[in-house]
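Pasted below: final.tsv, TSV, C-alpha atoms and all ligand atoms.
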chain	number	residue	atom	x	y	z
A	1	MET	CA	-45.41	5.17	-48.58
A	2	ARG	CA	-43.52	3.17	-51.21
A	3	ILE	CA	-39.80	2.95	-50.54
A	4	LEU	CA	-37.37	1.61	-53.14
A	5	VAL	CA	-34.08	0.48	-51.59
A	6	SER	CA	-30.84	0.12	-53.54
A	7	ASN	CA	-27.09	0.63	-53.23
A	8	ASP	CA	-23.84	-0.16	-55.03
A	9	ASP	CA	-22.52	-2.78	-52.57
A	10	GLY	CA	-24.55	-5.53	-54.21
A	11	ILE	CA	-27.84	-7.23	-53.37
A	12	TYR	CA	-26.39	-9.41	-50.59
A	13	SER	CA	-24.80	-6.53	-48.64
A	14	PRO	CA	-25.70	-6.52	-44.94
A	15	GLY	CA	-26.14	-2.74	-45.29
A	16	ILE	CA	-28.99	-3.16	-47.77
A	17	ALA	CA	-30.64	-5.82	-45.59
A	18	SER	CA	-30.44	-3.54	-42.55
A	19	LEU	CA	-31.84	-0.51	-44.39
A	20	ALA	CA	-34.69	-2.54	-45.91
A	21	GLU	CA	-35.61	-3.88	-42.47
A	22	ILE	CA	-35.66	-0.40	-40.87
A	23	ALA	CA	-37.48	1.17	-43.84
A	24	ALA	CA	-40.20	-1.51	-43.59
A	25	GLU	CA	-41.29	0.13	-40.32
A	26	PHE	CA	-42.18	3.27	-42.30
A	27	GLY	CA	-43.74	1.89	-45.49
A	28	GLU	CA	-43.87	-0.70	-48.24
A	29	VAL	CA	-40.33	-1.71	-49.26
A	30	ARG	CA	-38.87	-3.25	-52.38
A	31	VAL	CA	-35.14	-3.84	-52.99
A	32	VAL	CA	-33.61	-3.54	-56.46
A	33	ALA	CA	-29.82	-3.67	-56.39
A	34	PRO	CA	-26.83	-4.72	-58.51
A	35	ASP	CA	-26.08	-8.47	-58.54
A	36	VAL	CA	-22.42	-7.76	-57.71
A	37	GLU	CA	-20.60	-4.93	-56.00
A	38	ARG	CA	-20.47	-1.78	-58.15
A	39	SER	CA	-18.81	0.64	-55.73
A	40	SER	CA	-17.38	3.81	-57.32
A	41	ALA	CA	-19.57	3.16	-60.36
A	42	GLY	CA	-20.73	6.75	-60.15
A	43	HIS	CA	-23.78	7.63	-62.21
A	44	SER	CA	-23.06	5.31	-65.14
A	45	ILE	CA	-26.01	3.69	-66.89
A	46	THR	CA	-26.19	0.64	-69.17
A	47	ALA	CA	-27.43	1.74	-72.57
A	48	SER	CA	-25.59	-0.68	-74.90
A	49	ARG	CA	-27.41	-3.88	-73.91
A	50	PRO	CA	-30.65	-4.93	-72.18
A	51	LEU	CA	-30.91	-5.34	-68.41
A	52	TYR	CA	-32.11	-8.50	-66.65
A	53	TRP	CA	-33.38	-8.95	-63.12
A	54	LYS	CA	-33.91	-12.02	-60.95
A	55	ARG	CA	-36.07	-12.43	-57.87
A	56	THR	CA	-33.84	-12.71	-54.81
A	57	PRO	CA	-34.77	-14.25	-51.47
A	58	LEU	CA	-34.53	-11.43	-48.92
A	59	LYS	CA	-36.99	-10.62	-46.10
A	60	VAL	CA	-38.76	-8.13	-48.42
A	61	GLU	CA	-39.47	-8.39	-52.16
A	62	ALA	CA	-36.08	-8.06	-53.83
A	63	TYR	CA	-34.50	-8.22	-57.28
A	64	ARG	CA	-30.89	-8.36	-58.39
A	65	VAL	CA	-29.94	-6.63	-61.62
A	66	ASP	CA	-26.95	-7.06	-63.95
A	67	GLY	CA	-26.46	-3.30	-64.02
A	68	THR	CA	-25.30	-0.23	-62.18
A	69	PRO	CA	-26.90	1.42	-59.13
A	70	ALA	CA	-28.50	4.09	-61.38
A	71	ASP	CA	-29.84	1.29	-63.65
A	72	CYS	CA	-31.40	-0.39	-60.61
A	73	VAL	CA	-33.25	2.74	-59.55
A	74	ALA	CA	-34.47	3.47	-63.09
A	75	LEU	CA	-35.59	-0.15	-63.54
A	76	GLY	CA	-37.08	-0.41	-60.05
A	77	ALA	CA	-39.09	2.80	-60.44
A	78	SER	CA	-40.33	1.80	-63.90
A	79	GLN	CA	-41.60	-1.59	-62.71
A	80	TRP	CA	-43.15	-0.46	-59.41
A	81	LYS	CA	-45.66	2.34	-59.72
A	82	ASN	CA	-45.91	5.30	-57.35
A	83	VAL	CA	-42.55	4.98	-55.63
A	84	ASP	CA	-42.31	7.88	-53.16
A	85	ILE	CA	-38.67	7.80	-52.25
A	86	VAL	CA	-35.45	5.92	-52.99
A	87	LEU	CA	-33.11	5.02	-50.13
A	88	SER	CA	-29.60	4.01	-51.18
A	89	GLY	CA	-27.45	2.23	-48.61
A	90	ILE	CA	-26.45	1.63	-46.03
A	91	ASN	CA	-23.11	1.81	-47.79
A	92	LEU	CA	-20.13	0.08	-46.20
A	93	GLY	CA	-17.81	3.07	-46.17
A	94	SER	CA	-18.33	6.84	-46.02
A	95	ASN	CA	-19.34	8.99	-48.98
A	96	LEU	CA	-17.94	12.34	-47.91
A	97	GLY	CA	-16.72	15.38	-49.79
A	98	ASN	CA	-15.32	14.59	-53.22
A	99	SER	CA	-16.26	10.93	-53.09
A	100	ILE	CA	-19.82	12.08	-53.78
A	101	TRP	CA	-18.67	12.44	-57.41
A	102	HIS	CA	-17.57	8.79	-57.69
A	103	SER	CA	-20.16	7.26	-55.41
A	104	GLY	CA	-22.62	4.69	-56.75
A	105	THR	CA	-24.56	5.11	-53.51
A	106	VAL	CA	-25.16	8.81	-54.12
A	107	ALA	CA	-25.77	8.16	-57.84
A	108	ALA	CA	-28.73	5.90	-56.99
A	109	ALA	CA	-30.25	8.76	-54.97
A	110	LYS	CA	-29.49	11.23	-57.79
A	111	GLN	CA	-31.18	8.93	-60.30
A	112	ALA	CA	-34.32	9.05	-58.15
A	113	VAL	CA	-34.31	12.85	-58.33
A	114	LEU	CA	-33.78	12.77	-62.12
A	115	LEU	CA	-36.98	10.70	-62.27
A	116	GLY	CA	-38.90	13.24	-60.21
A	117	LEU	CA	-38.69	11.21	-56.99
A	118	ARG	CA	-36.79	11.96	-53.80
A	119	GLY	CA	-33.48	10.26	-53.02
A	120	VAL	CA	-31.51	9.67	-49.85
A	121	ALA	CA	-28.01	8.15	-49.77
A	122	LEU	CA	-26.91	6.58	-46.48
A	123	SER	CA	-23.36	5.48	-45.66
A	124	VAL	CA	-21.44	4.46	-42.57
A	125	ALA	CA	-17.74	4.86	-41.80
A	126	THR	CA	-15.96	1.50	-41.70
A	127	PRO	CA	-12.44	2.03	-40.37
A	128	GLU	CA	-12.47	-1.40	-38.71
A	129	GLY	CA	-14.28	-3.72	-41.08
A	130	GLU	CA	-17.99	-4.39	-41.01
A	131	PRO	CA	-20.09	-2.01	-38.90
A	132	ASP	CA	-22.55	-3.08	-36.19
A	133	PHE	CA	-25.84	-2.52	-38.02
A	134	GLU	CA	-27.87	-3.60	-35.00
A	135	GLU	CA	-26.27	-0.88	-32.92
A	136	LEU	CA	-26.80	1.68	-35.70
A	137	LYS	CA	-30.54	0.93	-36.04
A	138	PRO	CA	-31.94	3.67	-33.72
A	139	SER	CA	-29.79	6.31	-35.45
A	140	VAL	CA	-31.00	5.23	-38.90
A	141	SER	CA	-34.62	5.37	-37.69
A	142	GLU	CA	-34.02	8.85	-36.25
A	143	VAL	CA	-32.69	10.08	-39.61
A	144	LEU	CA	-35.53	8.48	-41.58
A	145	LYS	CA	-38.05	10.21	-39.29
A	146	ILE	CA	-36.48	13.57	-40.20
A	147	LEU	CA	-36.28	12.91	-43.96
A	148	LEU	CA	-39.03	10.52	-45.09
A	149	PHE	CA	-42.19	12.53	-44.54
A	150	ASP	CA	-40.91	16.05	-45.28
A	151	PRO	CA	-41.05	16.66	-49.08
A	152	GLU	CA	-38.65	19.60	-48.69
A	153	TRP	CA	-35.86	17.00	-48.54
A	154	LYS	CA	-35.27	16.18	-52.22
A	155	LEU	CA	-31.71	14.84	-52.48
A	156	VAL	CA	-29.80	14.07	-49.31
A	157	ASN	CA	-26.44	12.57	-48.41
A	158	VAL	CA	-26.32	10.97	-44.94
A	159	ASN	CA	-23.13	9.67	-43.34
A	160	PHE	CA	-22.99	7.86	-40.01
A	161	PRO	CA	-19.78	7.87	-37.98
A	162	HIS	CA	-18.01	4.76	-36.74
A	163	GLY	CA	-19.67	3.71	-33.48
A	164	PRO	CA	-22.80	5.16	-31.83
A	165	PRO	CA	-23.39	8.73	-33.15
A	166	LYS	CA	-23.30	11.65	-30.70
A	167	GLY	CA	-26.17	13.30	-32.57
A	168	VAL	CA	-27.09	14.82	-35.93
A	169	ARG	CA	-25.36	17.74	-37.66
A	170	PHE	CA	-26.64	19.43	-40.85
A	171	THR	CA	-23.60	20.04	-43.03
A	172	ARG	CA	-22.27	21.16	-46.41
A	173	GLN	CA	-20.16	19.06	-48.77
A	174	SER	CA	-16.41	19.40	-48.20
A	175	VAL	CA	-14.75	20.00	-51.57
A	176	ARG	CA	-11.43	21.70	-50.78
A	177	LEU	CA	-9.38	18.53	-50.38
A	178	TYR	CA	-9.37	15.52	-52.70
A	179	ASP	CA	-8.60	12.05	-51.37
A	180	GLY	CA	-8.13	10.18	-54.66
A	181	LYS	CA	-4.53	9.17	-55.29
A	182	VAL	CA	-2.83	7.11	-58.00
A	183	VAL	CA	-0.20	4.81	-56.50
A	184	THR	CA	2.46	3.23	-58.74
A	185	ALA	CA	3.66	-0.29	-57.97
A	186	LYS	CA	4.78	-3.44	-59.80
A	187	ASP	CA	2.73	-6.53	-60.59
A	188	PRO	CA	4.18	-10.06	-59.95
A	189	MET	CA	5.68	-10.03	-63.47
A	190	GLY	CA	7.56	-6.81	-62.76
A	191	ARG	CA	5.38	-4.61	-64.95
A	192	PRO	CA	4.44	-1.18	-63.56
A	193	HIS	CA	0.81	-0.80	-62.65
A	194	PHE	CA	-1.23	2.05	-61.24
A	195	TRP	CA	-3.81	1.77	-58.50
A	196	PHE	CA	-6.45	4.45	-57.82
A	197	THR	CA	-6.66	4.52	-54.07
A	198	VAL	CA	-7.88	6.75	-51.25
A	199	ALA	CA	-5.47	8.92	-49.29
A	200	PRO	CA	-6.69	9.79	-45.79
A	201	ILE	CA	-7.63	13.43	-45.21
A	202	THR	CA	-6.99	14.58	-41.66
A	203	GLU	CA	-7.69	18.28	-42.09
A	204	THR	CA	-11.37	19.23	-42.04
A	205	GLU	CA	-13.34	22.45	-42.40
A	206	GLU	CA	-15.90	23.22	-39.74
A	207	GLY	CA	-19.49	22.69	-40.85
A	208	THR	CA	-18.65	20.13	-43.52
A	209	ASP	CA	-19.75	16.50	-43.81
A	210	ARG	CA	-16.26	15.19	-43.08
A	211	TRP	CA	-15.86	17.49	-40.07
A	212	ALA	CA	-19.09	16.15	-38.51
A	213	VAL	CA	-18.38	12.46	-39.11
A	214	ASN	CA	-14.79	12.75	-37.86
A	215	ARG	CA	-16.21	14.15	-34.62
A	216	GLY	CA	-18.63	11.27	-34.16
A	217	TYR	CA	-21.81	12.94	-35.46
A	218	THR	CA	-24.24	11.81	-38.12
A	219	SER	CA	-23.92	14.19	-41.08
A	220	ILE	CA	-26.97	15.19	-43.15
A	221	THR	CA	-26.13	17.19	-46.30
A	222	PRO	CA	-28.87	18.46	-48.61
A	223	LEU	CA	-27.59	18.24	-52.22
A	224	ARG	CA	-28.85	19.52	-55.57
A	225	LEU	CA	-28.39	18.42	-59.17
A	226	ASP	CA	-27.90	21.91	-60.60
A	227	LEU	CA	-24.13	22.34	-60.97
A	228	THR	CA	-24.38	25.80	-62.53
A	229	ASP	CA	-21.89	28.30	-61.17
A	230	THR	CA	-24.49	31.05	-60.75
A	231	GLU	CA	-21.94	33.73	-59.80
A	232	GLN	CA	-19.93	33.15	-62.96
A	233	LEU	CA	-23.11	32.92	-65.05
A	234	ARG	CA	-24.19	36.31	-63.75
A	235	ARG	CA	-20.76	37.83	-64.46
A	236	ALA	CA	-20.64	36.34	-67.98
A	237	GLN	CA	-24.13	37.51	-68.82
A	238	GLN	CA	-23.22	41.02	-67.71
A	239	ARG	CA	-19.90	41.12	-69.49
A	240	TYR	CA	-20.96	39.59	-72.82
A	241	ALA	CA	-24.52	40.85	-73.11
A	242	PRO	CA	-25.17	42.77	-76.36
A	243	GLY	CA	-24.13	46.37	-75.82
A	244	ALA	CA	-22.70	45.57	-72.41
A	245	ALA	CA	-19.19	46.82	-73.19
A	246	ALA	CA	-20.39	50.24	-74.36
A	247	SER	CA	-22.76	50.83	-71.49
A	248	GLN	CA	-20.99	48.78	-68.80
A	249	GLU	CA	-20.41	51.70	-66.46
A	250	ALA	CA	-23.82	53.20	-66.92
A	251	THR	CA	-25.58	49.88	-66.25
A	252	ALA	CA	-23.37	48.61	-63.41
A	253	GLY	CA	-25.50	46.61	-61.00
A	254	THR	CA	-28.24	45.68	-63.47
A	255	THR	CA	-28.74	42.21	-64.91
A	256	SER	CA	-27.88	41.17	-68.47
A	257	GLU	CA	-31.55	40.80	-69.30
A	258	GLN	CA	-32.09	44.41	-68.40
A	259	VAL	CA	-28.98	45.40	-70.36
A	260	SER	CA	-30.03	43.53	-73.50
A	261	LYS	CA	-33.54	45.01	-73.61
A	301	MN	MN	-20.39	0.81	-51.95

Rewrite the coordinates I just gave you, this time as structure tokens.
Ligand code: MN
Amino acid sequence: MRILVSNDDGIYSPGIASLAEIAAEFGEVRVVAPDVERSSAGHSITASRPLYWKRTPLKVEAYRVDGTPADCVALGASQWKNVDIVLSGINLGSNLGNSIWHSGTVAAAKQAVLLGLRGVALSVATPEGEPDFEELKPSVSEVLKILLFDPEWKLVNVNFPHGPPKGVRFTRQSVRLYDGKVVTAKDPMGRPHFWFTVAPITETEEGTDRWAVNRGYTSITPLRLDLTDTEQLRRAQQRYAPGAAASQEATAGTTSEQVSK
């Protein structure tokens, strides 16, 4: 099994080193990651200039790239044939709920899926600085055993709690509450400036990623790229299908395709 490892924390992150080391027990590993930290880079790609990579001395074959996490996965997969899966992490800091939208860690996993590969994002809560990756090792191995060899797992977001996990919970993404906040302050010259920061969310919904991690469990959330609101699509197709208005009552309960025939 060929495993491409990346993340947005930058090539020298201890989280990447730890994940590469654990992944090497399951297959052939190569690291391709941004040369500097690109956290919250989301799914941006570099299309206005060429990308460069440099060989980097890690325990496994590794390259640092002057690009985004998504760039690194696209470049890594183009230059290494037959990659089976992309692992992105282990990110220093959770990627829960709405932060999935901003996350460079999750974007690297999404980029894998766009390329027809499988992608797993892995993050760990860091309320007190750098986590103990040595202590986390058995939990990471446990998760990789669940995800690596089962092709049903296409795109997955994994979050480890702070400290030894109590176990694994399969969860859904929490989207009801948003933790992004713009804080106004003044710079040393007295000019107002605005800082996008994270406001803590204490309320959690049962069964969500945040709920599980806050209770000390490892959260595994299967994701998908299709953002279509299928309920609204169905309603719109019914309402605006040719002839739908005239025969709406008569055809209630049928699909728009049936209506338009
Ligand atoms: Mn990061």

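Closest approach to A:Tyr52 among A:Val36, A:Leu227, A:Leu92, A:Leu75: A:Leu75, based on only C-alpha atoms.
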
Q.
If we count only C-alpha atoms and set the cut-off at 7 Å, which residues sit around stretch 166-177 of chain A, ignoring sequence neighbours fewer than 4 positions away in its own chain? Please answer as number ranges by chain.
A. A: 97-98, 207-210, 212, 216-221

Neighbours of ligand MN 301 (chain A) at 7 Å or closer, counting all atoms listed in the file: which residues, as a PDB file with C-alpha atoms, in the frame of the given file?
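File part.pdb, as written:
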ATOM      1  CA  ASN A   7     -27.090   0.630 -53.230  1.00  0.00           C
ATOM      2  CA  ASP A   8     -23.840  -0.160 -55.030  1.00  0.00           C
ATOM      3  CA  ASP A   9     -22.520  -2.780 -52.570  1.00  0.00           C
ATOM      4  CA  ARG A  38     -20.470  -1.780 -58.150  1.00  0.00           C
ATOM      5  CA  SER A  39     -18.810   0.640 -55.730  1.00  0.00           C
ATOM      6  CA  SER A  40     -17.380   3.810 -57.320  1.00  0.00           C
ATOM      7  CA  ASN A  91     -23.110   1.810 -47.790  1.00  0.00           C
ATOM      8  CA  LEU A  92     -20.130   0.080 -46.200  1.00  0.00           C
ATOM      9  CA  GLY A  93     -17.810   3.070 -46.170  1.00  0.00           C
ATOM     10  CA  GLY A 104     -22.620   4.690 -56.750  1.00  0.00           C
ATOM     11  CA  THR A 105     -24.560   5.110 -53.510  1.00  0.00           C
TER      12      THR A 105
END

Q.
Taking all atoms listed in the file into account, name the residue in A:Gly180, A:Pro165, A:Gly190, A:Pro222 that is nearest to A:Gly119.
A. A:Pro222

Q. What lies within 8 Å of A:Gln111 using all atoms listed in the file, ignoring chain neighbours under 5 positions off, as a ChimeraX atom specification?
A. /A:43,70,73-74,119

Q: Mind checking which residues fall within 6 Å of A:Val31, counting all atoms listed in the file, ignoring those fewer than 5 positions away in the same chain, and posting them as a ChimeraX atom specification?
A: /A:4-6,62

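For the pair atom CA of A:Pro69 and atom CA of A:Asn214, the interatomic distance is 27.0 Å.
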
(Q) I'd like the contact shell of A:Asp132 - 8 Å cut-off, all atoms listed in the file, skipping same-chain residues fewer than 3 positions apart - returned as JSON, numbers by chain. (A) {"A": [135, 136, 163]}

Just to be explicit: take each residue in the selection above, keep C-alpha atoms, and write the result as a PDB file, in the frame of the given file.
ATOM      1  CA  GLU A 135     -26.270  -0.880 -32.920  1.00  0.00           C
ATOM      2  CA  LEU A 136     -26.800   1.680 -35.700  1.00  0.00           C
ATOM      3  CA  GLY A 163     -19.670   3.710 -33.480  1.00  0.00           C
TER       4      GLY A 163
END

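Between atom CA of A:Glu142 and atom CA of A:Ala17 there is a distance of 17.7 Å.
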
Would you list the residues near (-5.2, 5.9, -56.5) (no more than 8 Å away, in the coordinates of the file, using all atoms listed in the file) as an mmCIF file with C-alpha atoms, keeping the file's coordinate frame?
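As written to disk, selection.cif reads:
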data_model
loop_
_atom_site.group_PDB
_atom_site.id
_atom_site.type_symbol
_atom_site.label_atom_id
_atom_site.label_comp_id
_atom_site.auth_asym_id
_atom_site.auth_seq_id
_atom_site.Cartn_x
_atom_site.Cartn_y
_atom_site.Cartn_z
ATOM 1 C CA GLY A 180 -8.130 10.180 -54.660
ATOM 2 C CA LYS A 181 -4.530 9.170 -55.290
ATOM 3 C CA VAL A 182 -2.830 7.110 -58.000
ATOM 4 C CA VAL A 183 -0.200 4.810 -56.500
ATOM 5 C CA PHE A 194 -1.230 2.050 -61.240
ATOM 6 C CA TRP A 195 -3.810 1.770 -58.500
ATOM 7 C CA PHE A 196 -6.450 4.450 -57.820
ATOM 8 C CA THR A 197 -6.660 4.520 -54.070
ATOM 9 C CA VAL A 198 -7.880 6.750 -51.250
ATOM 10 C CA ALA A 199 -5.470 8.920 -49.290
#

Q: For atom CA of A:Lys186 and atom CA of A:Gly129, determine how far apart the two atoms are, in Å to one decimal place.
A: 26.7 Å

Q. Hey, what's within 6 Å of A:Gly42 if we count all atoms listed in the file and toss same-chain stuff fewer than 4 positions away? As a PyMOL selection string, please?
A. chain A and resi 102-104+107

Q) With all atoms listed in the file as the atoms that count, which of A:Glu25, A:Ala185, A:Leu223, A:Gly67 lies nearest to A:Val120? A) A:Leu223

Q: Compare A:Lys81, A:Gly89, A:Tyr12, A:Arg224 by their minimum atom-to-atom distance to A:Leu114, counting only C-alpha atoms, and give me the closest one.
A: A:Arg224

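Distances to A:Asp150 were evaluated for A:Ile3, A:Arg118, A:Phe133, A:Leu87 using all atoms listed in the file, and the minimum falls at A:Arg118.
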
Q) Looking at A:Arg30, A:Leu96, A:Thr46, A:Val65, which one is nearest to A:Trp80, with distances taken over only C-alpha atoms? A) A:Arg30

Please, can stretch 50-60 of chain A be completed to all heavy atoms and returned as a PDB file, keeping the file's coordinate frame?
ATOM      1  N   PRO A  50     -29.493  -4.907 -73.070  1.00  0.00           N
ATOM      2  CA  PRO A  50     -30.650  -4.930 -72.180  1.00  0.00           C
ATOM      3  C   PRO A  50     -30.236  -5.273 -70.741  1.00  0.00           C
ATOM      4  O   PRO A  50     -29.135  -5.768 -70.509  1.00  0.00           O
ATOM      5  CB  PRO A  50     -31.528  -6.043 -72.762  1.00  0.00           C
ATOM      6  CG  PRO A  50     -30.598  -6.908 -73.518  1.00  0.00           C
ATOM      7  CD  PRO A  50     -29.486  -6.031 -74.009  1.00  0.00           C
ATOM      8  N   LEU A  51     -31.128  -4.988 -69.814  1.00  0.00           N
ATOM      9  CA  LEU A  51     -30.910  -5.340 -68.410  1.00  0.00           C
ATOM     10  C   LEU A  51     -31.794  -6.526 -68.042  1.00  0.00           C
ATOM     11  O   LEU A  51     -32.901  -6.657 -68.550  1.00  0.00           O
ATOM     12  CB  LEU A  51     -31.266  -4.153 -67.502  1.00  0.00           C
ATOM     13  CG  LEU A  51     -30.380  -2.911 -67.603  1.00  0.00           C
ATOM     14  CD1 LEU A  51     -31.065  -1.723 -66.943  1.00  0.00           C
ATOM     15  CD2 LEU A  51     -29.021  -3.169 -66.980  1.00  0.00           C
ATOM     16  N   TYR A  52     -31.310  -7.371 -67.148  1.00  0.00           N
ATOM     17  CA  TYR A  52     -32.110  -8.500 -66.650  1.00  0.00           C
ATOM     18  C   TYR A  52     -32.185  -8.418 -65.137  1.00  0.00           C
ATOM     19  O   TYR A  52     -31.241  -7.959 -64.490  1.00  0.00           O
ATOM     20  CB  TYR A  52     -31.475  -9.836 -67.058  1.00  0.00           C
ATOM     21  CG  TYR A  52     -31.508 -10.077 -68.544  1.00  0.00           C
ATOM     22  CD1 TYR A  52     -30.453  -9.661 -69.352  1.00  0.00           C
ATOM     23  CD2 TYR A  52     -32.597 -10.716 -69.144  1.00  0.00           C
ATOM     24  CE1 TYR A  52     -30.488  -9.857 -70.730  1.00  0.00           C
ATOM     25  CE2 TYR A  52     -32.640 -10.909 -70.521  1.00  0.00           C
ATOM     26  CZ  TYR A  52     -31.588 -10.478 -71.294  1.00  0.00           C
ATOM     27  OH  TYR A  52     -31.622 -10.668 -72.653  1.00  0.00           O
ATOM     28  N   TRP A  53     -33.308  -8.859 -64.589  1.00  0.00           N
ATOM     29  CA  TRP A  53     -33.380  -8.950 -63.120  1.00  0.00           C
ATOM     30  C   TRP A  53     -33.874 -10.316 -62.703  1.00  0.00           C
ATOM     31  O   TRP A  53     -34.545 -11.015 -63.474  1.00  0.00           O
ATOM     32  CB  TRP A  53     -34.178  -7.813 -62.513  1.00  0.00           C
ATOM     33  CG  TRP A  53     -35.670  -7.808 -62.708  1.00  0.00           C
ATOM     34  CD1 TRP A  53     -36.417  -8.666 -63.454  1.00  0.00           C
ATOM     35  CD2 TRP A  53     -36.574  -6.872 -62.109  1.00  0.00           C
ATOM     36  NE1 TRP A  53     -37.727  -8.311 -63.375  1.00  0.00           N
ATOM     37  CE2 TRP A  53     -37.857  -7.232 -62.543  1.00  0.00           C
ATOM     38  CE3 TRP A  53     -36.431  -5.785 -61.249  1.00  0.00           C
ATOM     39  CZ2 TRP A  53     -38.993  -6.522 -62.154  1.00  0.00           C
ATOM     40  CZ3 TRP A  53     -37.561  -5.093 -60.865  1.00  0.00           C
ATOM     41  CH2 TRP A  53     -38.815  -5.459 -61.321  1.00  0.00           C
ATOM     42  N   LYS A  54     -33.493 -10.727 -61.499  1.00  0.00           N
ATOM     43  CA  LYS A  54     -33.910 -12.020 -60.950  1.00  0.00           C
ATOM     44  C   LYS A  54     -34.421 -11.798 -59.538  1.00  0.00           C
ATOM     45  O   LYS A  54     -33.815 -11.043 -58.765  1.00  0.00           O
ATOM     46  CB  LYS A  54     -32.727 -12.989 -60.907  1.00  0.00           C
ATOM     47  CG  LYS A  54     -32.358 -13.531 -62.267  1.00  0.00           C
ATOM     48  CD  LYS A  54     -31.245 -14.553 -62.179  1.00  0.00           C
ATOM     49  CE  LYS A  54     -30.868 -15.041 -63.572  1.00  0.00           C
ATOM     50  NZ  LYS A  54     -29.453 -15.317 -63.719  1.00  0.00           N
ATOM     51  N   ARG A  55     -35.521 -12.488 -59.226  1.00  0.00           N
ATOM     52  CA  ARG A  55     -36.070 -12.430 -57.870  1.00  0.00           C
ATOM     53  C   ARG A  55     -35.042 -12.985 -56.897  1.00  0.00           C
ATOM     54  O   ARG A  55     -34.377 -13.980 -57.184  1.00  0.00           O
ATOM     55  CB  ARG A  55     -37.356 -13.272 -57.843  1.00  0.00           C
ATOM     56  CG  ARG A  55     -38.211 -13.098 -56.612  1.00  0.00           C
ATOM     57  CD  ARG A  55     -39.079 -11.881 -56.740  1.00  0.00           C
ATOM     58  NE  ARG A  55     -39.847 -11.688 -55.518  1.00  0.00           N
ATOM     59  CZ  ARG A  55     -41.146 -11.908 -55.421  1.00  0.00           C
ATOM     60  NH1 ARG A  55     -41.822 -12.318 -56.475  1.00  0.00           N
ATOM     61  NH2 ARG A  55     -41.778 -11.698 -54.276  1.00  0.00           N
ATOM     62  N   THR A  56     -34.898 -12.339 -55.771  1.00  0.00           N
ATOM     63  CA  THR A  56     -33.840 -12.710 -54.810  1.00  0.00           C
ATOM     64  C   THR A  56     -34.452 -12.897 -53.435  1.00  0.00           C
ATOM     65  O   THR A  56     -35.228 -12.055 -52.988  1.00  0.00           O
ATOM     66  CB  THR A  56     -32.780 -11.584 -54.779  1.00  0.00           C
ATOM     67  OG1 THR A  56     -32.241 -11.454 -56.083  1.00  0.00           O
ATOM     68  CG2 THR A  56     -31.660 -11.934 -53.817  1.00  0.00           C
ATOM     69  N   PRO A  57     -34.149 -14.000 -52.766  1.00  0.00           N
ATOM     70  CA  PRO A  57     -34.770 -14.250 -51.470  1.00  0.00           C
ATOM     71  C   PRO A  57     -34.190 -13.395 -50.340  1.00  0.00           C
ATOM     72  O   PRO A  57     -33.198 -13.747 -49.733  1.00  0.00           O
ATOM     73  CB  PRO A  57     -34.493 -15.753 -51.230  1.00  0.00           C
ATOM     74  CG  PRO A  57     -33.273 -16.046 -52.023  1.00  0.00           C
ATOM     75  CD  PRO A  57     -33.237 -15.081 -53.175  1.00  0.00           C
ATOM     76  N   LEU A  58     -34.830 -12.243 -50.106  1.00  0.00           N
ATOM     77  CA  LEU A  58     -34.530 -11.430 -48.920  1.00  0.00           C
ATOM     78  C   LEU A  58     -35.826 -11.382 -48.099  1.00  0.00           C
ATOM     79  O   LEU A  58     -36.850 -11.907 -48.521  1.00  0.00           O
ATOM     80  CB  LEU A  58     -34.099 -10.021 -49.304  1.00  0.00           C
ATOM     81  CG  LEU A  58     -32.780  -9.818 -50.059  1.00  0.00           C
ATOM     82  CD1 LEU A  58     -32.467  -8.338 -50.168  1.00  0.00           C
ATOM     83  CD2 LEU A  58     -31.615 -10.541 -49.393  1.00  0.00           C
ATOM     84  N   LYS A  59     -35.800 -10.699 -46.954  1.00  0.00           N
ATOM     85  CA  LYS A  59     -36.990 -10.620 -46.100  1.00  0.00           C
ATOM     86  C   LYS A  59     -38.118  -9.819 -46.768  1.00  0.00           C
ATOM     87  O   LYS A  59     -39.291 -10.009 -46.466  1.00  0.00           O
ATOM     88  CB  LYS A  59     -36.640 -10.021 -44.742  1.00  0.00           C
ATOM     89  CG  LYS A  59     -35.996 -11.043 -43.812  1.00  0.00           C
ATOM     90  CD  LYS A  59     -35.702 -10.447 -42.445  1.00  0.00           C
ATOM     91  CE  LYS A  59     -34.922 -11.438 -41.599  1.00  0.00           C
ATOM     92  NZ  LYS A  59     -34.316 -10.799 -40.425  1.00  0.00           N
ATOM     93  N   VAL A  60     -37.755  -8.873 -47.646  1.00  0.00           N
ATOM     94  CA  VAL A  60     -38.760  -8.130 -48.420  1.00  0.00           C
ATOM     95  C   VAL A  60     -38.600  -8.521 -49.890  1.00  0.00           C
ATOM     96  O   VAL A  60     -37.629  -9.193 -50.255  1.00  0.00           O
ATOM     97  CB  VAL A  60     -38.570  -6.595 -48.270  1.00  0.00           C
ATOM     98  CG1 VAL A  60     -38.739  -6.170 -46.823  1.00  0.00           C
ATOM     99  CG2 VAL A  60     -37.214  -6.162 -48.800  1.00  0.00           C
TER     100      VAL A  60
END
